[in-house]
>>> print(open('structure_38.cif').read())   # mmCIF, C-alpha atoms and all ligand atoms
data_protein
loop_
_atom_site.group_PDB
_atom_site.id
_atom_site.type_symbol
_atom_site.label_atom_id
_atom_site.label_comp_id
_atom_site.auth_asym_id
_atom_site.auth_seq_id
_atom_site.Cartn_x
_atom_site.Cartn_y
_atom_site.Cartn_z
ATOM 1 C CA MET G 1466 9.533 5.993 -13.476
ATOM 2 C CA ALA G 1467 7.603 5.518 -16.678
ATOM 3 C CA ALA G 1468 10.015 2.921 -18.025
ATOM 4 C CA ARG G 1469 9.166 0.574 -15.166
ATOM 5 C CA PHE G 1470 5.460 0.589 -15.823
ATOM 6 C CA GLN G 1471 4.258 -2.301 -17.926
ATOM 7 C CA PRO G 1472 0.763 -1.762 -19.322
ATOM 8 C CA ALA G 1473 -1.590 -4.647 -18.659
ATOM 9 C CA GLN G 1474 -3.140 -6.726 -21.381
ATOM 10 C CA PRO G 1475 -6.157 -5.082 -23.020
ATOM 11 C CA TYR G 1476 -9.524 -5.932 -21.581
ATOM 12 C CA THR G 1477 -11.258 -8.381 -23.859
ATOM 13 C CA GLY G 1478 -14.130 -9.537 -21.671
ATOM 14 C CA SER G 1479 -17.741 -8.739 -22.421
ATOM 15 C CA MET G 1480 -21.186 -9.061 -20.904
ATOM 16 C CA PHE G 1481 -19.771 -8.284 -17.498
ATOM 17 C CA ARG G 1482 -22.213 -7.270 -14.829
ATOM 18 C CA LEU G 1483 -20.876 -5.846 -11.632
ATOM 19 C CA GLY G 1484 -23.194 -6.873 -8.845
ATOM 20 C CA LEU G 1485 -22.849 -7.556 -5.172
ATOM 21 C CA PRO G 1486 -22.018 -11.183 -4.548
ATOM 22 C CA SER G 1487 -24.479 -12.968 -2.327
ATOM 23 C CA ARG G 1488 -23.086 -14.264 0.953
ATOM 24 C CA THR G 1489 -23.886 -17.814 0.002
ATOM 25 C CA GLY G 1490 -23.035 -17.910 -3.665
ATOM 26 C CA PRO G 1491 -19.989 -15.854 -4.557
ATOM 27 C CA THR G 1492 -18.367 -18.480 -6.732
ATOM 28 C CA ALA G 1493 -19.940 -17.621 -10.070
ATOM 29 C CA PHE G 1494 -19.396 -13.937 -9.466
ATOM 30 C CA PHE G 1495 -15.814 -14.602 -8.498
ATOM 31 C CA VAL G 1496 -15.044 -16.747 -11.523
ATOM 32 C CA LEU G 1497 -16.577 -14.182 -13.856
ATOM 33 C CA ILE G 1498 -14.767 -11.270 -12.317
ATOM 34 C CA CYS G 1499 -11.445 -13.124 -12.431
ATOM 35 C CA LEU G 1500 -11.918 -13.908 -16.088
ATOM 36 C CA ILE G 1501 -12.252 -10.289 -17.013
ATOM 37 C CA ALA G 1502 -9.952 -8.605 -14.513
ATOM 38 C CA PRO G 1503 -6.750 -7.697 -16.320
ATOM 39 C CA PRO G 1504 -3.533 -9.111 -14.906
ATOM 40 C CA SER G 1505 -1.861 -6.778 -12.489
ATOM 41 C CA ALA G 1506 0.990 -4.751 -13.888
ATOM 42 C CA ALA G 1507 3.671 -2.857 -12.033
ATOM 43 C CA ARG G 1508 1.741 -0.590 -9.728
ATOM 44 C CA ALA G 1509 2.874 2.014 -7.250
ATOM 45 C CA TRP G 1510 3.038 5.697 -6.623
ATOM 46 C CA GLY G 1511 6.008 6.868 -8.653
ATOM 47 C CA ASN G 1512 9.380 7.409 -7.109
ATOM 48 C CA ASN G 1513 8.495 10.899 -5.892
ATOM 49 C CA GLY G 1514 5.225 9.934 -4.249
ATOM 50 C CA HIS G 1515 6.830 7.114 -2.277
ATOM 51 C CA ARG G 1516 9.792 9.228 -1.241
ATOM 52 C CA MET G 1517 7.502 12.006 -0.075
ATOM 53 C CA ILE G 1518 5.275 9.695 1.978
ATOM 54 C CA ASN G 1519 8.242 8.088 3.723
ATOM 55 C CA ARG G 1520 9.964 11.369 4.556
ATOM 56 C CA LEU G 1521 6.825 13.103 5.779
ATOM 57 C CA ALA G 1522 5.761 10.174 7.964
ATOM 58 C CA VAL G 1523 9.076 10.056 9.784
ATOM 59 C CA SER G 1524 9.267 13.861 10.011
ATOM 60 C CA GLY G 1525 5.944 13.734 11.843
ATOM 61 C CA LEU G 1526 7.026 11.316 14.585
ATOM 62 C CA PRO G 1527 6.813 12.742 18.115
ATOM 63 C CA THR G 1528 9.840 13.295 20.334
ATOM 64 C CA ASP G 1529 9.246 10.203 22.485
ATOM 65 C CA VAL G 1530 10.450 8.146 19.497
ATOM 66 C CA PRO G 1531 14.241 7.615 19.764
ATOM 67 C CA THR G 1532 16.342 10.221 18.005
ATOM 68 C CA PHE G 1533 18.183 7.701 15.804
ATOM 69 C CA LEU G 1534 14.876 7.215 13.972
ATOM 70 C CA ARG G 1535 14.250 10.947 13.540
ATOM 71 C CA SER G 1536 17.747 12.106 12.529
ATOM 72 C CA GLU G 1537 18.549 13.597 9.130
ATOM 73 C CA THR G 1538 20.524 10.443 8.288
ATOM 74 C CA ALA G 1539 17.469 8.315 9.109
ATOM 75 C CA LEU G 1540 15.185 10.555 7.069
ATOM 76 C CA ASN G 1541 17.458 10.270 4.044
ATOM 77 C CA GLU G 1542 17.726 6.493 4.330
ATOM 78 C CA ILE G 1543 13.988 5.974 4.844
ATOM 79 C CA GLU G 1544 13.160 8.326 1.989
ATOM 80 C CA TYR G 1545 15.533 6.394 -0.274
ATOM 81 C CA LEU G 1546 13.756 3.158 0.686
ATOM 82 C CA GLY G 1547 10.313 4.492 -0.310
ATOM 83 C CA PRO G 1548 10.513 2.966 -3.797
ATOM 84 C CA GLU G 1549 12.614 -0.046 -2.659
ATOM 85 C CA PRO G 1550 10.092 -2.827 -3.477
ATOM 86 C CA ASP G 1551 9.747 -1.349 -6.972
ATOM 87 C CA ARG G 1552 13.450 -2.127 -7.399
ATOM 88 C CA TRP G 1553 12.520 -5.804 -7.087
ATOM 89 C CA ARG G 1554 10.542 -5.886 -10.318
ATOM 90 C CA SER G 1555 13.420 -6.498 -12.702
ATOM 91 C CA PRO G 1556 13.351 -9.507 -15.043
ATOM 92 C CA ALA G 1557 16.925 -10.053 -13.803
ATOM 93 C CA GLU G 1558 15.353 -11.367 -10.546
ATOM 94 C CA PRO G 1559 12.388 -13.308 -11.924
ATOM 95 C CA GLU G 1560 11.529 -15.341 -8.835
ATOM 96 C CA LEU G 1561 11.557 -12.318 -6.554
ATOM 97 C CA ASN G 1562 9.629 -10.254 -9.057
ATOM 98 C CA ALA G 1563 6.873 -12.852 -9.334
ATOM 99 C CA ALA G 1564 6.602 -13.497 -5.609
ATOM 100 C CA GLN G 1565 6.463 -9.877 -4.492
ATOM 101 C CA ALA G 1566 4.293 -8.360 -7.230
ATOM 102 C CA PRO G 1567 0.957 -9.165 -5.483
ATOM 103 C CA GLU G 1568 2.127 -7.430 -2.311
ATOM 104 C CA HIS G 1569 1.598 -3.983 -3.817
ATOM 105 C CA PHE G 1570 -2.185 -4.180 -4.285
ATOM 106 C CA ILE G 1571 -5.412 -5.897 -3.416
ATOM 107 C CA ASN G 1572 -8.444 -6.184 -5.636
ATOM 108 C CA LEU G 1573 -10.929 -5.894 -2.798
ATOM 109 C CA GLU G 1574 -13.885 -6.926 -4.958
ATOM 110 C CA LEU G 1575 -12.227 -10.307 -5.617
ATOM 111 C CA ALA G 1576 -10.906 -10.782 -2.093
ATOM 112 C CA ASP G 1577 -14.260 -9.960 -0.501
ATOM 113 C CA ALA G 1578 -16.041 -12.383 -2.812
ATOM 114 C CA LEU G 1579 -14.206 -15.131 -0.917
ATOM 115 C CA GLY G 1580 -15.596 -14.097 2.475
ATOM 116 C CA PRO G 1581 -14.222 -12.088 5.430
ATOM 117 C CA LEU G 1582 -10.488 -11.513 5.095
ATOM 118 C CA PRO G 1583 -8.532 -13.852 7.394
ATOM 119 C CA HIS G 1584 -5.664 -12.257 9.311
ATOM 120 C CA ARG G 1585 -3.103 -14.767 8.174
ATOM 121 C CA ARG G 1586 -1.627 -14.776 4.694
ATOM 122 C CA LEU G 1587 -1.481 -18.539 4.311
ATOM 123 C CA LEU G 1588 -5.134 -18.961 5.244
ATOM 124 C CA PHE G 1589 -6.095 -16.426 2.615
ATOM 125 C CA GLU G 1590 -3.880 -18.088 0.017
ATOM 126 C CA ALA G 1591 -5.380 -21.474 0.837
ATOM 127 C CA ARG G 1592 -8.828 -20.018 0.270
ATOM 128 C CA VAL G 1593 -7.743 -18.487 -3.028
ATOM 129 C CA PHE G 1594 -6.275 -21.763 -4.252
ATOM 130 C CA ALA G 1595 -9.393 -23.646 -3.121
ATOM 131 C CA ALA G 1596 -11.447 -21.312 -5.338
ATOM 132 C CA GLY G 1597 -9.235 -22.289 -8.269
ATOM 133 C CA GLU G 1598 -7.557 -18.905 -8.343
ATOM 134 C CA LEU G 1599 -4.106 -17.423 -7.843
ATOM 135 C CA PRO G 1600 -3.034 -14.849 -5.232
ATOM 136 C CA GLU G 1601 -1.277 -12.810 -7.921
ATOM 137 C CA LYS G 1602 -4.644 -11.964 -9.469
ATOM 138 C CA ILE G 1603 -6.153 -10.786 -6.210
ATOM 139 C CA GLY G 1604 -3.262 -9.221 -4.334
ATOM 140 C CA LEU G 1605 -1.731 -9.604 -0.889
ATOM 141 C CA GLN G 1606 -1.388 -5.980 0.265
ATOM 142 C CA PRO G 1607 -2.787 -6.128 3.813
ATOM 143 C CA TRP G 1608 -0.886 -9.297 4.714
ATOM 144 C CA GLN G 1609 2.440 -7.993 3.497
ATOM 145 C CA THR G 1610 1.953 -4.667 5.256
ATOM 146 C CA THR G 1611 0.950 -6.296 8.539
ATOM 147 C CA GLU G 1612 3.909 -8.697 8.421
ATOM 148 C CA VAL G 1613 6.432 -5.923 7.744
ATOM 149 C CA TRP G 1614 4.886 -3.852 10.560
ATOM 150 C CA GLU G 1615 5.299 -6.817 12.913
ATOM 151 C CA ARG G 1616 8.951 -7.153 11.848
ATOM 152 C CA LEU G 1617 9.394 -3.491 12.735
ATOM 153 C CA LYS G 1618 7.759 -3.983 16.131
ATOM 154 C CA ALA G 1619 10.003 -6.987 16.870
ATOM 155 C CA ALA G 1620 13.109 -4.965 15.975
ATOM 156 C CA LEU G 1621 11.988 -2.053 18.151
ATOM 157 C CA ARG G 1622 11.491 -4.467 21.055
ATOM 158 C CA GLU G 1623 15.028 -5.736 20.512
ATOM 159 C CA TYR G 1624 16.255 -2.144 20.511
ATOM 160 C CA ARG G 1625 14.595 -1.553 23.891
ATOM 161 C CA HIS G 1626 16.225 -4.696 25.318
ATOM 162 C CA LEU G 1627 19.689 -3.749 24.107
ATOM 163 C CA ALA G 1628 19.349 -0.155 25.240
ATOM 164 C CA ALA G 1629 18.157 -1.274 28.691
ATOM 165 C CA ALA G 1630 21.146 -3.619 28.929
ATOM 166 C CA ASN G 1631 23.542 -0.838 27.903
ATOM 167 C CA GLN G 1632 24.604 -2.769 24.834
ATOM 168 C CA ASP G 1633 25.429 -1.479 21.355
ATOM 169 C CA THR G 1634 22.178 -0.578 19.577
ATOM 170 C CA HIS G 1635 23.737 0.517 16.283
ATOM 171 C CA PRO G 1636 23.151 -2.795 14.457
ATOM 172 C CA VAL G 1637 19.457 -2.989 15.375
ATOM 173 C CA GLU G 1638 19.010 0.675 14.516
ATOM 174 C CA GLN G 1639 20.099 -0.124 10.951
ATOM 175 C CA ALA G 1640 17.528 -2.925 10.778
ATOM 176 C CA ILE G 1641 14.810 -0.609 12.076
ATOM 177 C CA LEU G 1642 15.516 2.027 9.430
ATOM 178 C CA PHE G 1643 15.169 -0.637 6.754
ATOM 179 C CA TYR G 1644 11.888 -1.964 8.157
ATOM 180 C CA VAL G 1645 10.418 1.535 8.387
ATOM 181 C CA GLY G 1646 11.401 2.350 4.801
ATOM 182 C CA TRP G 1647 10.139 -0.980 3.508
ATOM 183 C CA LEU G 1648 6.828 -0.649 5.397
ATOM 184 C CA GLY G 1649 6.399 2.845 3.993
ATOM 185 C CA HIS G 1650 6.242 1.571 0.464
ATOM 186 C CA TYR G 1651 3.181 -0.585 1.062
ATOM 187 C CA VAL G 1652 1.344 1.925 3.237
ATOM 188 C CA GLY G 1653 1.977 4.427 0.460
ATOM 189 C CA ASP G 1654 0.564 2.053 -2.137
ATOM 190 C CA GLY G 1655 -2.513 1.674 0.038
ATOM 191 C CA SER G 1656 -3.411 5.358 -0.228
ATOM 192 C CA GLN G 1657 -3.586 5.105 -4.025
ATOM 193 C CA PRO G 1658 -7.249 4.200 -4.648
ATOM 194 C CA LEU G 1659 -6.386 2.283 -7.802
ATOM 195 C CA HIS G 1660 -4.323 -0.171 -5.729
ATOM 196 C CA THR G 1661 -7.489 -1.432 -4.041
ATOM 197 C CA THR G 1662 -9.704 -2.361 -6.959
ATOM 198 C CA ILE G 1663 -10.278 -4.333 -10.135
ATOM 199 C CA GLN G 1664 -10.737 -0.900 -11.754
ATOM 200 C CA TYR G 1665 -7.021 -0.371 -11.371
ATOM 201 C CA ASN G 1666 -6.156 0.701 -14.889
ATOM 202 C CA GLY G 1667 -9.122 1.490 -17.151
ATOM 203 C CA TRP G 1668 -12.786 0.884 -16.288
ATOM 204 C CA ILE G 1669 -14.111 -2.622 -16.805
ATOM 205 C CA GLY G 1670 -17.692 -3.849 -16.812
ATOM 206 C CA PRO G 1671 -20.812 -1.647 -17.070
ATOM 207 C CA ASN G 1672 -19.726 1.911 -17.680
ATOM 208 C CA PRO G 1673 -22.731 4.263 -17.491
ATOM 209 C CA HIS G 1674 -20.527 7.299 -16.771
ATOM 210 C CA ASP G 1675 -18.298 6.582 -19.727
ATOM 211 C CA TYR G 1676 -15.068 6.434 -17.729
ATOM 212 C CA THR G 1677 -11.857 5.798 -19.600
ATOM 213 C CA THR G 1678 -11.156 2.196 -20.542
ATOM 214 C CA SER G 1679 -7.684 3.091 -21.747
ATOM 215 C CA GLN G 1680 -4.938 1.547 -19.682
ATOM 216 C CA LYS G 1681 -3.192 4.807 -18.998
ATOM 217 C CA ILE G 1682 -5.042 6.275 -16.043
ATOM 218 C CA HIS G 1683 -3.124 4.438 -13.331
ATOM 219 C CA TRP G 1684 0.354 5.609 -14.175
ATOM 220 C CA GLN G 1685 -0.807 8.988 -15.493
ATOM 221 C CA PHE G 1686 -2.315 9.732 -12.076
ATOM 222 C CA GLU G 1687 0.356 8.363 -9.757
ATOM 223 C CA GLY G 1688 3.479 8.987 -11.848
ATOM 224 C CA PRO G 1689 3.914 12.025 -14.100
ATOM 225 C CA PHE G 1690 1.037 14.001 -12.578
ATOM 226 C CA VAL G 1691 2.482 13.676 -9.068
ATOM 227 C CA ASP G 1692 5.996 14.403 -10.299
ATOM 228 C CA ALA G 1693 4.928 17.607 -12.047
ATOM 229 C CA ASN G 1694 2.405 19.022 -9.618
ATOM 230 C CA ILE G 1695 2.525 17.708 -6.077
ATOM 231 C CA HIS G 1696 4.907 19.201 -3.532
ATOM 232 C CA MET G 1697 5.921 18.101 -0.088
ATOM 233 C CA PRO G 1698 4.838 21.222 1.901
ATOM 234 C CA GLU G 1699 1.264 20.999 0.613
ATOM 235 C CA VAL G 1700 1.098 17.278 1.394
ATOM 236 C CA GLN G 1701 2.492 17.897 4.872
ATOM 237 C CA ALA G 1702 -0.144 20.577 5.481
ATOM 238 C CA LYS G 1703 -2.903 18.055 4.750
ATOM 239 C CA MET G 1704 -1.665 15.391 7.170
ATOM 240 C CA SER G 1705 -4.000 14.456 10.007
ATOM 241 C CA PRO G 1706 -3.034 14.783 13.696
ATOM 242 C CA LEU G 1707 -1.002 11.944 15.195
ATOM 243 C CA GLN G 1708 -3.236 9.081 16.247
ATOM 244 C CA PRO G 1709 -1.809 5.814 17.588
ATOM 245 C CA ILE G 1710 -3.570 2.610 16.557
ATOM 246 C CA HIS G 1711 -4.800 0.744 19.609
ATOM 247 C CA GLY G 1712 -6.866 -2.044 18.093
ATOM 248 C CA ASP G 1713 -5.875 -4.880 15.810
ATOM 249 C CA ILE G 1714 -3.338 -3.698 13.233
ATOM 250 C CA PHE G 1715 -4.644 -5.888 10.390
ATOM 251 C CA ASP G 1716 -8.204 -4.655 10.892
ATOM 252 C CA ALA G 1717 -7.060 -1.035 11.101
ATOM 253 C CA TYR G 1718 -5.043 -1.418 7.935
ATOM 254 C CA VAL G 1719 -7.918 -3.029 6.035
ATOM 255 C CA ASP G 1720 -10.155 -0.140 7.138
ATOM 256 C CA TYR G 1721 -7.563 2.237 5.697
ATOM 257 C CA LEU G 1722 -7.583 0.332 2.380
ATOM 258 C CA ARG G 1723 -11.373 0.392 2.289
ATOM 259 C CA HIS G 1724 -11.299 4.129 2.861
ATOM 260 C CA SER G 1725 -8.929 4.508 -0.111
ATOM 261 C CA ALA G 1726 -11.283 2.379 -2.181
ATOM 262 C CA THR G 1727 -14.085 4.895 -1.679
ATOM 263 C CA TYR G 1728 -12.113 7.285 -3.933
ATOM 264 C CA VAL G 1729 -11.828 4.985 -6.949
ATOM 265 C CA GLU G 1730 -14.625 6.625 -8.902
ATOM 266 C CA GLU G 1731 -13.344 10.082 -8.113
ATOM 267 C CA VAL G 1732 -10.058 9.212 -9.817
ATOM 268 C CA TYR G 1733 -12.018 8.308 -12.954
ATOM 269 C CA GLN G 1734 -14.156 11.444 -12.741
ATOM 270 C CA LEU G 1735 -11.080 13.631 -12.444
ATOM 271 C CA GLU G 1736 -9.417 11.862 -15.363
ATOM 272 C CA LYS G 1737 -12.526 12.393 -17.466
ATOM 273 C CA SER G 1738 -12.364 16.147 -16.895
ATOM 274 C CA GLY G 1739 -8.677 16.260 -17.865
ATOM 275 C CA GLY G 1740 -7.521 16.454 -14.252
ATOM 276 C CA PHE G 1741 -4.344 14.450 -14.765
ATOM 277 C CA VAL G 1742 -3.064 16.130 -17.916
ATOM 278 C CA GLY G 1743 -0.374 18.762 -17.517
ATOM 279 C CA ALA G 1744 -1.055 20.866 -14.438
ATOM 280 C CA GLY G 1745 -4.536 19.332 -14.080
ATOM 281 C CA SER G 1746 -7.035 21.350 -12.035
ATOM 282 C CA ALA G 1747 -7.156 22.778 -8.529
ATOM 283 C CA GLU G 1748 -9.509 19.913 -7.712
ATOM 284 C CA SER G 1749 -7.248 17.157 -9.047
ATOM 285 C CA ARG G 1750 -4.191 18.615 -7.325
ATOM 286 C CA ALA G 1751 -6.031 18.861 -4.005
ATOM 287 C CA PHE G 1752 -7.352 15.325 -4.388
ATOM 288 C CA THR G 1753 -3.912 13.864 -5.099
ATOM 289 C CA THR G 1754 -2.289 15.881 -2.322
ATOM 290 C CA GLU G 1755 -4.851 14.525 0.126
ATOM 291 C CA ARG G 1756 -4.311 10.937 -0.957
ATOM 292 C CA LEU G 1757 -0.549 11.229 -0.424
ATOM 293 C CA ALA G 1758 -1.150 12.948 2.923
ATOM 294 C CA ASP G 1759 -3.411 10.093 3.988
ATOM 295 C CA GLY G 1760 -0.597 7.639 3.201
ATOM 296 C CA ALA G 1761 1.969 9.679 5.147
ATOM 297 C CA SER G 1762 -0.386 10.063 8.131
ATOM 298 C CA MET G 1763 -1.182 6.357 8.277
ATOM 299 C CA LEU G 1764 2.490 5.434 7.980
ATOM 300 C CA ARG G 1765 3.433 7.848 10.792
ATOM 301 C CA ASN G 1766 0.641 6.406 12.967
ATOM 302 C CA MET G 1767 1.772 2.851 12.247
ATOM 303 C CA ILE G 1768 5.448 3.549 13.027
ATOM 304 C CA TYR G 1769 4.492 5.297 16.262
ATOM 305 C CA SER G 1770 2.164 2.445 17.228
ATOM 306 C CA ALA G 1771 4.932 -0.094 16.583
ATOM 307 C CA TRP G 1772 7.181 1.910 18.905
ATOM 308 C CA LEU G 1773 4.549 2.102 21.669
ATOM 309 C CA GLN G 1774 3.561 -1.550 21.381
ATOM 310 C CA SER G 1775 7.193 -2.716 21.340
ATOM 311 C CA ALA G 1776 7.266 -1.840 25.056
ATOM 312 C CA GLN G 1777 4.850 -4.649 25.864
ATOM 313 C CA ILE G 1778 6.462 -7.505 27.746
ATOM 314 C CA VAL G 1779 6.266 -10.742 25.791
ATOM 315 C CA PRO G 1780 7.298 -14.216 26.953
ATOM 316 C CA ASP G 1781 10.686 -15.350 25.666
ATOM 317 C CA PRO G 1782 9.880 -18.168 23.181
ATOM 318 C CA TYR G 1783 13.244 -19.780 23.964
ATOM 319 C CA ALA G 1784 12.951 -19.665 27.735
ATOM 320 C CA GLY G 1785 13.708 -23.043 29.289
ATOM 321 C CA LYS G 1786 14.897 -24.591 26.019
HETATM 322 ZN ZN ZN W 1 4.146 -0.653 -4.773
HETATM 323 ZN ZN ZN W 2 0.376 2.168 -8.762
#
>>> encode(input="structure_38.cif", output="structure tokens", more="lines below")
Ligand SMILES: [Zn+2]
Ligand SMILES: [Zn+2]
Amino acid sequence: MAARFQPAQPYTGSMFRLGLPSRTGPTAFFVLICLIAPPSAARAWGNNGHRMINRLAVSGLPTDVPTFLRSETALNEIEYLGPEPDRWRSPAEPELNAAQAPEHFINLELADALGPLPHRRLLFEARVFAAGELPEKIGLQPWQTTEVWERLKAALREYRHLAAANQDTHPVEQAILFYVGWLGHYVGDGSQPLHTTIQYNGWIGPNPHDYTTSQKIHWQFEGPFVDANIHMPEVQAKMSPLQPIHGDIFDAYVDYLRHSATYVEEVYQLEKSGGFVGAGSAESRAFTTERLADGASMLRNMIYSAWLQSAQIVPDPYAGK
């Protein structure tokens, strides 16, 4: 929804040189890049993109996933929840708005300048604060996504316990639908290349290809262009085959974000050739369709992996207490 999108402050930095930080001396690079990186505005696929990703992911779950999660009622609820975290951006809820805003993106250039990404949110935040910076400038995407996925896995484990004990599973089913829908939002954000970079809304720094510096590209691409041109059947057709995630979920998710980040320049190239105006071009429509399909595929794989891994026996933390 265009009304929700708040343009960032104009870029006023100068003399910026984008170079690879050295392993031993990232601090100067980091400080410089933070000074010129615009503050992060409201950022997400629009309503339609998020709804599409959530619905397609759940539609693609295999039949060994319980039917309550694949029913039409579940699909409608999970689709509705696609844009849910964007409903938490109102000035009427200022504390929530401020706390959750960084969970929609990560500026990988800034995060990587601080060293390998730790798996735990608080360790990363401690590192950010120690560098004299704030998490809201860098983003917390992979931590939020991993934590919500783990909530989903815990709820699915509870579902298995209740079902095995012949107890009422309806209450936990409701929780699971919420976790799936909530998770879908962030995984969807992660397939939008401009959610992974300091180049999130207008090119900053050296600009030899003369990419747009206007702070319109982000919303133009993910909002009105998607709404007008991208349709669910084409996105569904581009989804990859089901592939459960066996390794570490945080690492797999960061790999997915890094893959999205490889498309940042392509977004700018397409914008430069008018690809996000009106009906765009065959190339820009295919590109955008593939990005949404990547989000839906990853979300489906993550939900399925949570289901499979929820079968693992874990020690009861309260046993003997
Ligand atoms: Zn978002
Ligand atoms: Zn966005």
>>> atom_distance(input="structure_38.cif", atom1="CA of Leu1642 in chain G", atom2="CA of Leu1546 in chain G")
9.0 Å
>>> atom_distance(input="structure_38.cif", atom1="CA of Met1704 in chain G", atom2="CA of His1724 in chain G")
15.4 Å
>>> resolve_selection(input="structure_38.cif", expression="the PyMOL selection byres (((chain G and resi 1536) around 12) and not hetatm)", output="list in words")
Arg1520, Val1523, Ser1524, Gly1525, Leu1526, Thr1528, Val1530, Pro1531, Thr1532, Phe1533, Leu1534, Arg1535, Glu1537, Thr1538, Ala1539, Leu1540, Asn1541, Glu1542, Ile1543, Glu1638 and Leu1642 of chain G
>>> atom_distance(input="structure_38.cif", atom1="CA of Ala1619 in chain G", atom2="CA of Gly1653 in chain G")
21.5 Å
>>> residues_near_ligand(input="structure_38.cif", ligand="ligand ZN 1 (chain W)", cutoff="9 Å", atoms="only C-alpha atoms and all ligand atoms", output="MDAnalysis selection string")
chainID G and resid 1507:1511 1515 1548:1551 1566 1568:1570 1650:1655 1660
>>> closest_residue(input="structure_38.cif", among="G:Pro1780, G:Gly1785, G:Pro1556, G:Pro1658", to="ligand ZN 2 (chain W)", atoms="all atoms listed in the file")
G:Pro1658
>>> resolve_selection(input="structure_38.cif", expression="the PyMOL selection byres (((chain G and resi 1661) around 7) and not hetatm)", output="PyMOL selection string")
chain G and resi 1570-1573+1658-1660+1662+1722+1726
